[in-house]
>>> print(open('query-v9.csv').read())   # CSV, C-alpha atoms and all ligand atoms
chain,number,residue,atom,x,y,z
A,498,MET,CA,-31.0,8.7,23.2
A,499,GLU,CA,-31.4,7.1,19.7
A,500,LEU,CA,-28.6,7.3,17.2
A,501,LYS,CA,-29.9,9.1,14.2
A,502,PRO,CA,-28.9,8.2,10.6
A,503,THR,CA,-25.9,10.2,9.3
A,504,PRO,CA,-25.6,11.7,5.8
A,505,PHE,CA,-22.6,9.5,5.2
A,506,ARG,CA,-25.0,6.5,5.2
A,507,ASP,CA,-25.6,7.0,1.5
A,508,GLU,CA,-22.0,6.2,0.8
A,509,PHE,CA,-22.6,2.7,2.0
A,510,LEU,CA,-26.1,1.8,0.6
A,511,ARG,CA,-26.4,-1.9,-0.2
A,512,ALA,CA,-28.8,-3.2,-2.8
A,513,ASP,CA,-29.0,-6.5,-0.9
A,514,GLY,CA,-30.0,-4.8,2.3
A,515,ALA,CA,-27.3,-6.6,4.3
A,516,VAL,CA,-26.1,-5.2,7.5
A,517,CYS,CA,-22.3,-5.4,7.9
A,518,LEU,CA,-21.1,-6.0,11.4
A,519,ASN,CA,-17.8,-7.2,10.2
A,520,HIS,CA,-15.7,-4.0,10.0
A,521,ALA,CA,-13.2,-5.9,12.1
A,522,GLY,CA,-12.9,-8.3,9.2
A,523,ILE,CA,-13.4,-6.8,5.8
A,524,SER,CA,-15.4,-3.6,5.3
A,525,PRO,CA,-17.5,-2.2,2.4
A,526,ILE,CA,-15.8,0.7,0.7
A,527,PRO,CA,-17.7,4.0,0.3
A,528,GLN,CA,-19.1,5.0,-3.1
A,529,ARG,CA,-16.6,7.9,-3.4
A,530,THR,CA,-13.7,5.5,-3.0
A,531,ALA,CA,-15.0,3.3,-5.7
A,532,ARG,CA,-15.2,6.4,-7.9
A,533,THR,CA,-11.6,7.4,-7.1
A,534,ILE,CA,-10.5,3.9,-8.2
A,535,THR,CA,-12.5,4.1,-11.4
A,536,GLN,CA,-11.1,7.6,-12.3
A,537,LEU,CA,-7.5,6.5,-11.7
A,538,ALA,CA,-8.0,3.3,-13.7
A,539,THR,CA,-9.5,5.3,-16.6
A,540,PHE,CA,-6.5,7.7,-16.4
A,541,MET,CA,-4.2,4.7,-16.6
A,542,THR,CA,-5.8,3.5,-19.8
A,543,ARG,CA,-4.7,6.7,-21.5
A,544,GLN,CA,-1.5,7.8,-20.0
A,545,GLN,CA,1.6,5.6,-20.1
A,546,LEU,CA,5.1,7.0,-20.2
A,547,PHE,CA,4.2,10.4,-18.8
A,548,ARG,CA,2.0,9.5,-15.9
A,549,TYR,CA,4.7,9.4,-13.2
A,550,ALA,CA,4.3,13.0,-12.1
A,551,GLU,CA,0.6,12.7,-11.6
A,552,LEU,CA,0.9,9.5,-9.8
A,553,GLU,CA,3.6,10.8,-7.6
A,554,GLU,CA,1.3,13.7,-6.7
A,555,THR,CA,-1.5,11.2,-5.9
A,556,LEU,CA,0.8,9.4,-3.5
A,557,GLN,CA,2.0,12.6,-1.9
A,558,LYS,CA,-1.6,13.6,-1.2
A,559,ALA,CA,-2.4,10.2,0.2
A,560,ARG,CA,0.6,10.4,2.5
A,561,MET,CA,-0.7,13.8,3.8
A,562,THR,CA,-4.1,12.4,4.5
A,563,ILE,CA,-2.7,9.5,6.4
A,564,ALA,CA,-0.4,11.8,8.3
A,565,SER,CA,-3.3,13.9,9.5
A,566,LEU,CA,-5.1,10.8,10.7
A,567,ILE,CA,-2.2,9.5,12.8
A,568,GLY,CA,-0.6,12.8,13.8
A,569,CYS,CA,2.8,12.8,12.0
A,570,HIS,CA,4.5,14.4,9.0
A,571,PHE,CA,3.7,13.0,5.5
A,572,ALA,CA,7.3,12.1,5.0
A,573,GLU,CA,7.0,9.7,8.0
A,574,VAL,CA,4.4,7.5,6.2
A,575,ALA,CA,5.2,4.5,4.0
A,576,PHE,CA,2.7,2.4,2.1
A,577,THR,CA,2.7,-1.4,2.7
A,578,ARG,CA,0.5,-4.1,1.4
A,579,ASN,CA,-1.0,-4.8,4.8
A,580,THR,CA,-0.4,-4.9,8.6
A,581,SER,CA,1.6,-8.1,8.5
A,582,GLU,CA,4.1,-6.6,6.0
A,583,ALA,CA,4.7,-3.5,8.2
A,584,LEU,CA,5.2,-5.7,11.3
A,585,SER,CA,7.7,-7.8,9.3
A,586,HIS,CA,9.7,-4.7,8.3
A,587,VAL,CA,10.3,-4.1,12.0
A,588,ALA,CA,11.0,-7.7,13.1
A,589,LEU,CA,13.4,-8.3,10.2
A,590,GLY,CA,15.0,-4.9,10.3
A,591,LEU,CA,16.3,-5.0,13.8
A,592,ASP,CA,19.8,-6.1,14.6
A,593,TRP,CA,19.0,-8.9,17.1
A,594,ARG,CA,21.4,-10.3,19.6
A,595,ALA,CA,21.0,-13.6,21.4
A,596,GLY,CA,19.4,-12.9,24.8
A,597,ASP,CA,17.3,-10.0,23.5
A,598,GLU,CA,13.7,-10.0,24.6
A,599,ILE,CA,10.3,-9.2,23.2
A,600,VAL,CA,7.2,-8.5,25.3
A,601,THR,CA,3.7,-8.9,24.1
A,602,THR,CA,0.2,-10.1,25.1
A,603,ASP,CA,-1.3,-13.6,25.0
A,604,GLN,CA,-4.1,-12.4,22.7
A,605,GLU,CA,-2.4,-11.2,19.6
A,606,PHE,CA,-3.6,-12.0,16.1
A,607,PRO,CA,-1.1,-14.4,14.3
A,608,SER,CA,0.4,-11.5,12.3
A,609,ASN,CA,1.7,-9.9,15.5
A,610,LEU,CA,3.1,-13.1,16.8
A,611,VAL,CA,4.6,-15.2,14.0
A,612,VAL,CA,7.1,-12.4,13.1
A,613,TRP,CA,8.5,-12.4,16.6
A,614,LEU,CA,8.5,-16.1,17.1
A,615,ASP,CA,10.5,-16.4,13.9
A,616,ILE,CA,13.1,-14.0,15.3
A,617,ALA,CA,13.1,-16.0,18.5
A,618,ARG,CA,13.8,-19.2,16.8
A,619,ARG,CA,16.5,-17.9,14.5
A,620,LYS,CA,18.2,-15.4,16.8
A,621,GLY,CA,18.0,-16.8,20.3
A,622,VAL,CA,15.6,-14.1,21.4
A,623,THR,CA,12.9,-14.7,24.0
A,624,VAL,CA,9.2,-13.7,23.4
A,625,HIS,CA,7.2,-13.1,26.6
A,626,GLN,CA,3.5,-13.5,26.0
A,627,VAL,CA,2.2,-11.9,29.2
A,628,PRO,CA,-1.1,-13.5,30.4
A,629,SER,CA,-4.2,-11.4,30.2
A,630,LEU,CA,-6.5,-10.9,33.2
A,631,PRO,CA,-9.3,-13.5,33.7
A,632,ASP,CA,-11.9,-11.0,32.3
A,633,ASN,CA,-9.8,-10.8,29.0
A,634,ARG,CA,-8.4,-7.3,30.0
A,635,VAL,CA,-4.8,-6.8,28.7
A,636,ALA,CA,-2.6,-6.5,31.8
A,637,THR,CA,-0.8,-3.2,31.0
A,638,ALA,CA,1.1,-3.1,34.3
A,639,ALA,CA,2.3,-6.7,33.9
A,640,LEU,CA,3.5,-5.9,30.3
A,641,LEU,CA,5.6,-3.0,31.6
A,642,GLU,CA,6.9,-5.1,34.5
A,643,ARG,CA,8.3,-7.6,32.0
A,644,VAL,CA,10.4,-4.9,30.3
A,645,ASN,CA,14.1,-4.8,31.2
A,646,ARG,CA,17.4,-3.7,29.7
A,647,ARG,CA,17.3,-6.6,27.2
A,648,THR,CA,13.8,-5.8,25.9
A,649,ARG,CA,14.1,-4.5,22.4
A,650,VAL,CA,10.4,-4.5,21.5
A,651,LEU,CA,7.1,-4.2,23.4
A,652,THR,CA,4.3,-4.9,20.9
A,653,VAL,CA,0.5,-4.9,21.2
A,654,SER,CA,-2.6,-4.7,19.2
A,655,SER,CA,-4.3,-1.5,20.0
A,656,VAL,CA,-7.5,-3.5,20.2
A,657,GLN,CA,-7.5,-7.3,20.3
A,658,TYR,CA,-9.3,-9.0,17.4
A,659,ALA,CA,-11.0,-11.8,19.3
A,660,THR,CA,-12.2,-10.1,22.4
A,661,GLY,CA,-12.1,-6.3,21.7
A,662,ALA,CA,-9.9,-5.7,24.7
A,663,GLY,CA,-8.0,-2.4,24.5
A,664,VAL,CA,-4.8,-1.2,25.9
A,665,ASP,CA,-3.7,2.2,27.3
A,666,LEU,CA,-1.3,3.1,24.5
A,667,GLU,CA,-0.4,6.5,26.0
A,668,ALA,CA,0.6,4.8,29.4
A,669,ILE,CA,2.8,2.3,27.6
A,670,GLY,CA,4.3,4.9,25.3
A,671,ASP,CA,5.0,7.2,28.2
A,672,ALA,CA,6.7,4.4,30.2
A,673,LEU,CA,9.0,3.5,27.3
A,674,LYS,CA,9.8,7.0,26.2
A,675,ASN,CA,13.3,7.2,27.7
A,676,THR,CA,14.2,3.6,27.3
A,677,ALA,CA,15.8,1.7,24.4
A,678,THR,CA,12.7,-0.4,24.0
A,679,LEU,CA,10.6,0.2,20.8
A,680,PHE,CA,6.9,0.5,21.2
A,681,VAL,CA,5.3,-1.4,18.3
A,682,VAL,CA,1.6,-1.1,17.7
A,683,ASP,CA,-0.6,-3.2,15.4
A,684,ALA,CA,-3.4,-0.6,15.0
A,685,VAL,CA,-5.6,-2.4,12.4
A,686,GLN,CA,-8.4,-3.0,14.9
A,687,SER,CA,-8.7,0.6,16.1
A,688,LEU,CA,-7.4,3.0,13.4
A,689,GLY,CA,-10.5,4.5,11.8
A,690,ALA,CA,-12.7,3.6,14.7
A,691,VAL,CA,-11.1,5.7,17.4
A,692,SER,CA,-8.5,8.6,17.3
A,693,LEU,CA,-4.9,7.8,17.4
A,694,ASP,CA,-1.8,10.1,17.6
A,695,VAL,CA,1.6,8.5,17.2
A,696,LYS,CA,3.5,11.4,18.8
A,697,ARG,CA,1.3,11.9,21.7
A,698,MET,CA,1.1,8.2,22.4
A,699,GLY,CA,4.8,7.7,22.1
A,700,ILE,CA,4.4,5.0,19.4
A,701,ASP,CA,7.6,4.0,17.7
A,702,ALA,CA,6.2,1.7,15.0
A,703,LEU,CA,2.6,1.7,13.7
A,704,ALA,CA,1.2,-0.9,11.3
A,705,ALA,CA,-2.3,-1.0,9.9
A,706,GLY,CA,-4.0,-2.4,6.8
A,707,GLY,CA,-6.8,-0.4,5.2
A,708,HIS,CA,-9.5,-2.9,4.7
A,709,LYS,CA,-11.1,-2.9,8.2
A,710,TRP,CA,-12.0,0.2,10.1
A,711,LEU,CA,-10.4,2.5,7.5
A,712,LEU,CA,-13.0,1.3,5.0
A,713,ALA,CA,-10.5,0.9,2.1
A,714,PRO,CA,-9.9,-2.0,-0.3
A,715,GLU,CA,-7.7,-4.9,0.6
A,716,GLY,CA,-4.0,-4.7,-0.3
A,717,CYS,CA,-2.8,-1.3,0.9
A,718,GLY,CA,-1.8,-0.3,4.4
A,719,LEU,CA,0.3,2.2,6.2
A,720,PHE,CA,3.5,2.1,8.2
A,721,TYR,CA,5.0,4.8,10.5
A,722,LEU,CA,8.4,4.8,12.4
A,723,SER,CA,9.5,7.3,15.0
A,724,PRO,CA,13.0,8.8,14.7
A,725,LYS,CA,14.1,6.4,17.5
A,726,ALA,CA,12.8,3.4,15.5
A,727,LEU,CA,14.3,4.7,12.2
A,728,SER,CA,17.7,4.7,13.7
A,729,GLN,CA,17.4,1.0,14.6
A,730,VAL,CA,15.3,-0.6,11.9
A,731,GLN,CA,17.0,-1.4,8.6
A,732,PRO,CA,15.2,-2.2,5.3
A,733,ARG,CA,15.4,-5.9,4.3
A,734,ILE,CA,13.3,-5.7,1.2
A,735,LEU,CA,15.3,-3.6,-1.3
A,736,GLY,CA,14.9,-2.0,-4.7
A,737,TRP,CA,15.5,1.1,-6.7
A,738,HIS,CA,13.2,3.2,-4.5
A,739,SER,CA,14.7,2.2,-1.1
A,740,VAL,CA,18.3,3.4,-1.8
A,741,ARG,CA,20.0,6.8,-1.8
A,742,ASN,CA,19.9,8.4,-5.2
A,743,ALA,CA,16.6,6.6,-5.9
A,744,GLY,CA,15.8,7.2,-9.6
A,745,ASP,CA,19.5,7.8,-10.6
A,746,TYR,CA,20.3,4.5,-12.3
A,747,THR,CA,23.8,5.5,-13.3
A,748,ASN,CA,24.9,6.0,-9.7
A,749,ILE,CA,24.1,2.8,-7.9
A,750,THR,CA,24.4,2.5,-4.2
A,751,ILE,CA,23.1,0.0,-1.7
A,752,GLU,CA,23.0,2.7,1.1
A,753,PRO,CA,19.3,2.9,2.2
A,754,ARG,CA,17.8,6.3,1.7
A,755,ASP,CA,16.9,8.4,4.7
A,756,GLY,CA,13.6,8.1,6.4
A,757,ILE,CA,10.6,5.8,6.0
A,758,PHE,CA,10.6,5.6,2.2
A,759,ARG,CA,13.5,3.1,2.5
A,760,PHE,CA,10.8,0.5,3.2
A,761,GLU,CA,9.1,1.1,-0.2
A,762,ALA,CA,11.3,-1.1,-2.5
A,763,GLY,CA,9.8,-0.3,-5.9
A,764,THR,CA,6.8,1.0,-7.8
A,765,HIS,CA,3.7,1.7,-5.7
A,766,ASN,CA,0.2,0.4,-5.6
A,767,VAL,CA,-1.1,3.9,-6.5
A,768,ILE,CA,-4.7,2.9,-6.9
A,769,GLY,CA,-4.6,1.2,-3.5
A,770,ALA,CA,-3.0,4.3,-1.9
A,771,ALA,CA,-5.4,6.7,-3.5
A,772,ALA,CA,-8.4,4.5,-2.4
A,773,LEU,CA,-7.0,4.3,1.1
A,774,ALA,CA,-6.6,8.1,1.3
A,775,GLU,CA,-10.1,8.7,-0.1
A,776,SER,CA,-11.7,6.5,2.6
A,777,ILE,CA,-9.6,8.1,5.3
A,778,ALA,CA,-10.6,11.5,3.9
A,779,LEU,CA,-14.3,10.5,4.4
A,780,LEU,CA,-13.6,9.6,8.1
A,781,LEU,CA,-11.7,12.9,8.6
A,782,GLU,CA,-14.6,14.8,7.0
A,783,ALA,CA,-17.0,13.1,9.4
A,784,GLY,CA,-14.5,13.8,12.2
A,785,MET,CA,-12.8,11.1,14.1
A,786,GLU,CA,-14.4,12.3,17.4
A,787,THR,CA,-17.8,11.9,15.8
A,788,VAL,CA,-16.9,8.6,14.3
A,789,ALA,CA,-15.7,7.3,17.7
A,790,GLN,CA,-18.7,8.6,19.5
A,791,ARG,CA,-21.2,7.0,17.0
A,792,ILE,CA,-19.4,3.7,17.3
A,793,ARG,CA,-19.5,4.0,21.1
A,794,HIS,CA,-23.2,4.7,20.9
A,795,LEU,CA,-23.8,1.7,18.6
A,796,THR,CA,-21.9,-0.8,20.7
A,797,ARG,CA,-23.6,0.6,23.8
A,798,SER,CA,-27.0,0.1,22.3
A,799,PHE,CA,-26.1,-3.4,21.3
A,800,ILE,CA,-24.9,-4.1,24.8
A,801,GLN,CA,-28.2,-2.9,26.3
A,802,GLU,CA,-30.3,-5.0,23.9
A,803,LEU,CA,-28.1,-8.1,24.3
A,804,THR,CA,-27.9,-8.0,28.1
A,805,ARG,CA,-31.7,-7.5,28.2
A,806,ARG,CA,-31.9,-10.9,26.4
A,807,GLY,CA,-29.6,-12.6,28.8
A,808,CYS,CA,-26.5,-12.5,26.6
A,809,VAL,CA,-23.1,-12.4,28.2
A,810,VAL,CA,-20.6,-9.8,27.0
A,811,ILE,CA,-17.1,-11.1,26.6
A,812,THR,CA,-15.5,-7.9,25.6
A,813,PRO,CA,-13.9,-6.1,28.6
A,814,LEU,CA,-15.7,-2.7,28.9
A,815,ASP,CA,-14.1,0.6,30.0
A,816,HIS,CA,-15.0,2.4,33.3
A,817,ASP,CA,-18.2,3.8,31.7
A,818,ASN,CA,-19.3,0.3,30.6
A,819,HIS,CA,-18.5,1.0,26.9
A,820,CYS,CA,-16.4,-0.9,24.4
A,821,VAL,CA,-13.0,0.7,23.9
A,822,ALA,CA,-13.5,0.7,20.2
A,823,GLY,CA,-15.8,-1.1,17.7
A,824,ILE,CA,-15.5,-4.8,18.7
A,825,LEU,CA,-18.2,-6.3,20.8
A,826,VAL,CA,-18.1,-10.1,21.5
A,827,PHE,CA,-20.9,-11.9,23.3
A,828,LYS,CA,-22.5,-15.3,24.0
A,829,HIS,CA,-26.1,-16.0,23.7
A,830,PRO,CA,-27.8,-17.8,26.6
A,831,THR,CA,-29.5,-20.5,24.6
A,832,VAL,CA,-28.2,-20.4,21.0
A,833,ALA,CA,-24.7,-21.7,20.3
A,834,ALA,CA,-22.3,-19.3,18.5
A,835,THR,CA,-21.9,-21.5,15.4
A,836,ALA,CA,-25.7,-21.8,15.0
A,837,LEU,CA,-26.3,-18.1,15.6
A,838,HIS,CA,-23.5,-17.2,13.2
A,839,ARG,CA,-25.1,-19.3,10.5
A,840,HIS,CA,-28.6,-17.9,11.3
A,841,PHE,CA,-27.3,-14.3,11.0
A,842,LEU,CA,-25.6,-15.0,7.7
A,843,ALA,CA,-28.7,-16.6,6.3
A,844,ASN,CA,-30.5,-13.4,7.2
A,845,ASN,CA,-28.0,-11.0,5.7
A,846,ILE,CA,-26.3,-10.0,8.9
A,847,GLU,CA,-22.5,-10.2,8.4
A,848,GLN,CA,-20.5,-11.1,11.5
A,849,VAL,CA,-18.1,-13.8,12.6
A,850,SER,CA,-17.7,-16.1,15.5
A,851,ARG,CA,-14.8,-15.4,17.9
A,852,SER,CA,-13.8,-16.4,21.4
A,853,GLY,CA,-16.7,-18.9,21.5
A,854,GLY,CA,-19.2,-16.1,20.9
A,855,ILE,CA,-20.4,-13.7,18.2
A,856,ARG,CA,-18.3,-10.7,17.2
A,857,PHE,CA,-20.2,-7.6,16.2
A,858,ALA,CA,-18.2,-4.7,14.7
A,859,PRO,CA,-20.5,-1.8,13.6
A,860,HIS,CA,-19.2,1.4,12.0
A,861,PHE,CA,-20.1,5.0,12.4
A,862,TYR,CA,-22.4,5.2,9.3
A,863,GLN,CA,-24.8,2.8,10.9
A,864,ASP,CA,-27.6,3.7,13.3
A,865,GLN,CA,-30.3,2.5,15.6
A,866,GLY,CA,-32.3,1.0,12.8
A,867,ASP,CA,-29.5,-1.5,12.2
A,868,VAL,CA,-29.4,-2.4,15.9
A,869,LEU,CA,-33.1,-3.1,15.9
A,870,LYS,CA,-32.9,-5.1,12.7
A,871,VAL,CA,-30.1,-7.3,14.0
A,872,MET,CA,-31.9,-7.9,17.3
A,873,GLU,CA,-35.1,-8.9,15.5
A,874,VAL,CA,-33.2,-11.5,13.5
A,875,MET,CA,-31.5,-12.8,16.7
A,876,ASP,CA,-34.9,-13.1,18.5
A,877,ARG,CA,-36.1,-15.3,15.7
A,878,ALA,CA,-33.1,-17.6,16.2
A,879,ALA,CA,-33.8,-17.8,19.9
A,880,SER,CA,-37.5,-18.6,19.4
A,881,MET,CA,-36.8,-21.3,16.8
A,882,SER,CA,-33.8,-23.2,18.1
A,883,PRO,CA,-32.9,-25.3,21.0
A,884,VAL,CA,-29.2,-25.1,22.1
A,885,GLN,CA,-27.2,-26.5,19.3
A,886,ASN,CA,-23.8,-26.3,17.6
B,901,LIG,C1,-5.0,-7.5,15.1
B,901,LIG,C2,-4.8,-7.9,13.7
B,901,LIG,N1,-3.6,-7.7,13.2
B,901,LIG,C3,-3.3,-8.1,11.9
B,901,LIG,C4,-4.3,-8.6,11.1
B,901,LIG,C5,-4.0,-9.0,9.7
B,901,LIG,O1,-4.0,-7.8,9.0
B,901,LIG,P1,-3.3,-7.8,7.5
B,901,LIG,O2,-4.2,-8.7,6.7
B,901,LIG,O3,-3.5,-6.3,7.1
B,901,LIG,O4,-1.9,-8.2,7.6
B,901,LIG,C6,-5.6,-8.8,11.6
B,901,LIG,C7,-6.7,-9.3,10.8
B,901,LIG,O5,-7.8,-9.7,11.3
B,901,LIG,C8,-5.9,-8.4,13.0
B,901,LIG,O6,-7.1,-8.5,13.5
>>> encode(input="query-v9.csv", output="structure tokens", more="lines below")
Ligand SMILES: Cc1ncc(COP(=O)(O)O)c(C=O)c1O
Amino acid sequence: MELKPTPFRDEFLRADGAVCLNHAGISPIPQRTARTITQLATFMTRQQLFRYAELEETLQKARMTIASLIGCHFAEVAFTRNTSEALSHVALGLDWRAGDEIVTTDQEFPSNLVVWLDIARRKGVTVHQVPSLPDNRVATAALLERVNRRTRVLTVSSVQYATGAGVDLEAIGDALKNTATLFVVDAVQSLGAVSLDVKRMGIDALAAGGHKWLLAPEGCGLFYLSPKALSQVQPRILGWHSVRNAGDYTNITIEPRDGIFRFEAGTHNVIGAAALAESIALLLEAGMETVAQRIRHLTRSFIQELTRRGCVVITPLDHDNHCVAGILVFKHPTVAATALHRHFLANNIEQVSRSGGIRFAPHFYQDQGDVLKVMEVMDRAASMSPVQN
């Protein structure tokens, strides 16, 4: 069945006619988010001293929107600049002992590796990068087998950036539930593409920037910690907002305040937070189940068209032969990835080259018309070019 256009398409109309298949990189923001930014900016030109209350309300509403996306209370959500910063809060905030261990995969994006390698070097901690299976699948059982009494953190990307491999978050969360090990998830490649529930999945720390599947501008992301994680992770970046008595400048203490707000050191990126919330509100309005289904449909449609043309899909598919989220990586039988990447760009198709292939990352507002347009462009590359790099 063909995927019909959605009314949300108008939010993403592009004058240049480009097709964005780079939602795993940087996404366009919807029109309504652009309007939110403009409105707030206009407000800021007029109000100075007295704008705190309004801005606090904006932040509060944004936290509530994020909370409904990830399944927690609004007071469990902190704003960060990006995924990397949230992961750093966890890595820097734990009280490491020599001999502690960290378990992760061998496919992580640098942000979910360098923070742990830094701890390993400075604190005498071991990082186990558990090998993936030959077909790029993340070896969930092997990850769990690596966990022992010394394992302080098991950390994974919910979806891997270069292959699109997913992981059974619920199975890992469940296995770690009654252990001392924290389950840390870099969710930037799945949040906004598929549903996620931190409580049901037993996630202890969640980190995600807004500029990919959440369709928000760069520079604002979200951070969640479970009560178990909050009791272990201390803030290392401090300011007036992160301490008890925040706002009472006559009564200074260095005691961190309760809860997740201790990770927000000072004045917020209010425009960024409001924009993030507006984009998330659009996704929630469309419905995360609908969003996920449409993405599933789009990637399935691409897989059918690609395999018909002899392309090899690198992304490990689920039991129904679908991508687990929105990332689909493939190799063309005759056109090298670098040449195909350039050809797509020259024809207004935004994508990147990963894992020696091409990464497509479509989002829910797109439809069958986009799939056909992209395939038509690819067919022209195949008819023109011999194998080249
Ligand atoms: C899995 C993963 N984690 C983290 C990042 C970096 O995110 P940020 O720029 O929000 O720190 C990326 C970016 O591509 C990514 O794919």
>>> closest_residue(input="query-v9.csv", among="A:Thr676, A:Thr831, A:Thr601, A:Gln863", to="Pro502 in chain A", atoms="only C-alpha atoms")
A:Gln863
>>> closest_atom_pairs(input="query-v9.csv", of="range 744-862 of chain A", to="range 664-668 of chain A", cutoff="12 Å", atoms="all atoms listed in the file", output="JSON lines")
{"residue": "A:Pro813", "atom": "CA", "partner": "A:Val664", "partner_atom": "CA", "distance": 10.7}
{"residue": "A:Leu814", "atom": "CA", "partner": "A:Val664", "partner_atom": "CA", "distance": 11.4}
{"residue": "A:Asp815", "atom": "CA", "partner": "A:Val664", "partner_atom": "CA", "distance": 10.3}
{"residue": "A:Cys820", "atom": "CA", "partner": "A:Val664", "partner_atom": "CA", "distance": 11.7}
{"residue": "A:Val821", "atom": "CA", "partner": "A:Val664", "partner_atom": "CA", "distance": 8.7}
{"residue": "A:Ala822", "atom": "CA", "partner": "A:Val664", "partner_atom": "CA", "distance": 10.6}
>>> closest_atom_pairs(input="query-v9.csv", of="chain A", to="ligand LIG 901 (chain B)", cutoff="6 Å", atoms="all atoms listed in the file", output="CSV")
residue,atom,partner,partner_atom,distance
A:Gly522,CA,B:LIG901,O5,5.7
A:Asn579,CA,B:LIG901,O3,3.7
A:Thr580,CA,B:LIG901,O3,3.7
A:Ser581,CA,B:LIG901,O4,3.6
A:Phe606,CA,B:LIG901,C1,4.8
A:Ser608,CA,B:LIG901,C3,5.0
A:Ser654,CA,B:LIG901,C1,5.5
A:Gln657,CA,B:LIG901,C1,5.8
A:Tyr658,CA,B:LIG901,O6,4.5
A:Asp683,CA,B:LIG901,N1,5.8
A:Val685,CA,B:LIG901,C2,5.7
A:Gln686,CA,B:LIG901,C1,5.6
A:Gly706,CA,B:LIG901,O3,3.9
>>> closest_residue(input="query-v9.csv", among="A:Val788, A:Met881, A:Ala726, A:Val832", to="Val809 in chain A", atoms="only C-alpha atoms")
A:Val832
>>> residues_around(input="query-v9.csv", residues="range 760-768 of chain A", least_positions_apart="4", cutoff="10 Å", atoms="all atoms listed in the file", output="VMD selection string")
chain A and resid 533 to 538 541 552 to 553 555 to 556 559 574 to 578 583 586 to 587 590 714 716 to 717 720 730 to 740 743 753 to 754 756 772 to 774
>>> closest_residue(input="query-v9.csv", among="A:Arg594, A:Arg532, A:Arg697, A:Arg793", to="Asn818 in chain A", atoms="all atoms listed in the file")
A:Arg793
>>> atom_distance(input="query-v9.csv", atom1="CA of Trp710 in chain A", atom2="CA of Leu640 in chain A")
26.2 Å
>>> residues_near_point(input="query-v9.csv", point="(18.6, -13.5, 22.9)", cutoff="10 Å", atoms="all atoms listed in the file", output="list in words")
Trp593, Arg594, Ala595, Gly596, Asp597, Glu598, Ile599, Ile616, Ala617, Arg618, Arg619, Lys620, Gly621, Val622, Thr623, Val624, Arg647 and Thr648 of chain A
>>> axis_aligned_box(input="query-v9.csv", around="range 648-652 of chain A", padding_each_side="8 Å", output="AutoDock Vina command-line options")
--center_x 9.2 --center_y -5.0 --center_z 23.4 --size_x 25.8 --size_y 17.6 --size_z 21.0
>>> atom_distance(input="query-v9.csv", atom1="CA of Thr503 in chain A", atom2="CA of His816 in chain A")
27.5 Å
>>> closest_residue(input="query-v9.csv", among="A:Asn609, A:Ser524, A:Ser565, A:Ser655", to="Gly784 in chain A", atoms="all atoms listed in the file")
A:Ser565
>>> closest_residue(input="query-v9.csv", among="A:Ile800, A:Ala836, A:Leu779, A:Glu605", to="Pro504 in chain A", atoms="only C-alpha atoms")
A:Leu779
>>> residues_around(input="query-v9.csv", residues="Leu780 in chain A", least_positions_apart="6", cutoff="10 Å", atoms="only C-alpha atoms", output="number ranges by chain")
A: 505, 566, 689-690, 710-712, 774, 786-788, 861-862
>>> residues_around(input="query-v9.csv", residues="Leu673 in chain A", least_positions_apart="3", cutoff="10 Å", atoms="only C-alpha atoms", output="PDB file with C-alpha atoms, in the frame of the given file")
ATOM      1  CA  LEU A 641       5.600  -3.000  31.600  1.00  0.00           C
ATOM      2  CA  VAL A 644      10.400  -4.900  30.300  1.00  0.00           C
ATOM      3  CA  VAL A 650      10.400  -4.500  21.500  1.00  0.00           C
ATOM      4  CA  LEU A 651       7.100  -4.200  23.400  1.00  0.00           C
ATOM      5  CA  GLU A 667      -0.400   6.500  26.000  1.00  0.00           C
ATOM      6  CA  ALA A 668       0.600   4.800  29.400  1.00  0.00           C
ATOM      7  CA  ILE A 669       2.800   2.300  27.600  1.00  0.00           C
ATOM      8  CA  GLY A 670       4.300   4.900  25.300  1.00  0.00           C
ATOM      9  CA  THR A 676      14.200   3.600  27.300  1.00  0.00           C
ATOM     10  CA  ALA A 677      15.800   1.700  24.400  1.00  0.00           C
ATOM     11  CA  THR A 678      12.700  -0.400  24.000  1.00  0.00           C
ATOM     12  CA  LEU A 679      10.600   0.200  20.800  1.00  0.00           C
ATOM     13  CA  PHE A 680       6.900   0.500  21.200  1.00  0.00           C
ATOM     14  CA  GLY A 699       4.800   7.700  22.100  1.00  0.00           C
ATOM     15  CA  ILE A 700       4.400   5.000  19.400  1.00  0.00           C
ATOM     16  CA  ASP A 701       7.600   4.000  17.700  1.00  0.00           C
TER      17      ASP A 701
END
>>> residues_around(input="query-v9.csv", residues="Ile824 in chain A", least_positions_apart="6", cutoff="7 Å", atoms="only C-alpha atoms", output="VMD selection string")
chain A and resid 661 856 to 858
>>> write_last_selection(input="query-v9.csv", atoms="C-alpha atoms", output="PDB file, in the coordinates of the input")
ATOM      1  CA  GLY A 661     -12.100  -6.300  21.700  1.00  0.00           C
ATOM      2  CA  ARG A 856     -18.300 -10.700  17.200  1.00  0.00           C
ATOM      3  CA  PHE A 857     -20.200  -7.600  16.200  1.00  0.00           C
ATOM      4  CA  ALA A 858     -18.200  -4.700  14.700  1.00  0.00           C
TER       5      ALA A 858
END
>>> decode(input="query-v9.csv", residues="range 658-666 of chain A", atoms="C-alpha atoms", output="compact mmCIF listing (two decimals), in the first residue's frame")
# COMPACT_ATOMS: atom_id res chain seq x y z
CA TYR A 658 24.36 6.08 13.68
CA ALA A 659 26.38 4.28 11.01
CA THR A 660 24.41 1.06 10.53
CA GLY A 661 20.94 1.72 11.96
CA ALA A 662 21.29 -1.33 14.22
CA GLY A 663 18.92 -1.22 17.18
CA VAL A 664 18.97 -2.77 20.58
CA ASP A 665 16.30 -4.26 22.81
CA LEU A 666 16.21 -1.49 25.43
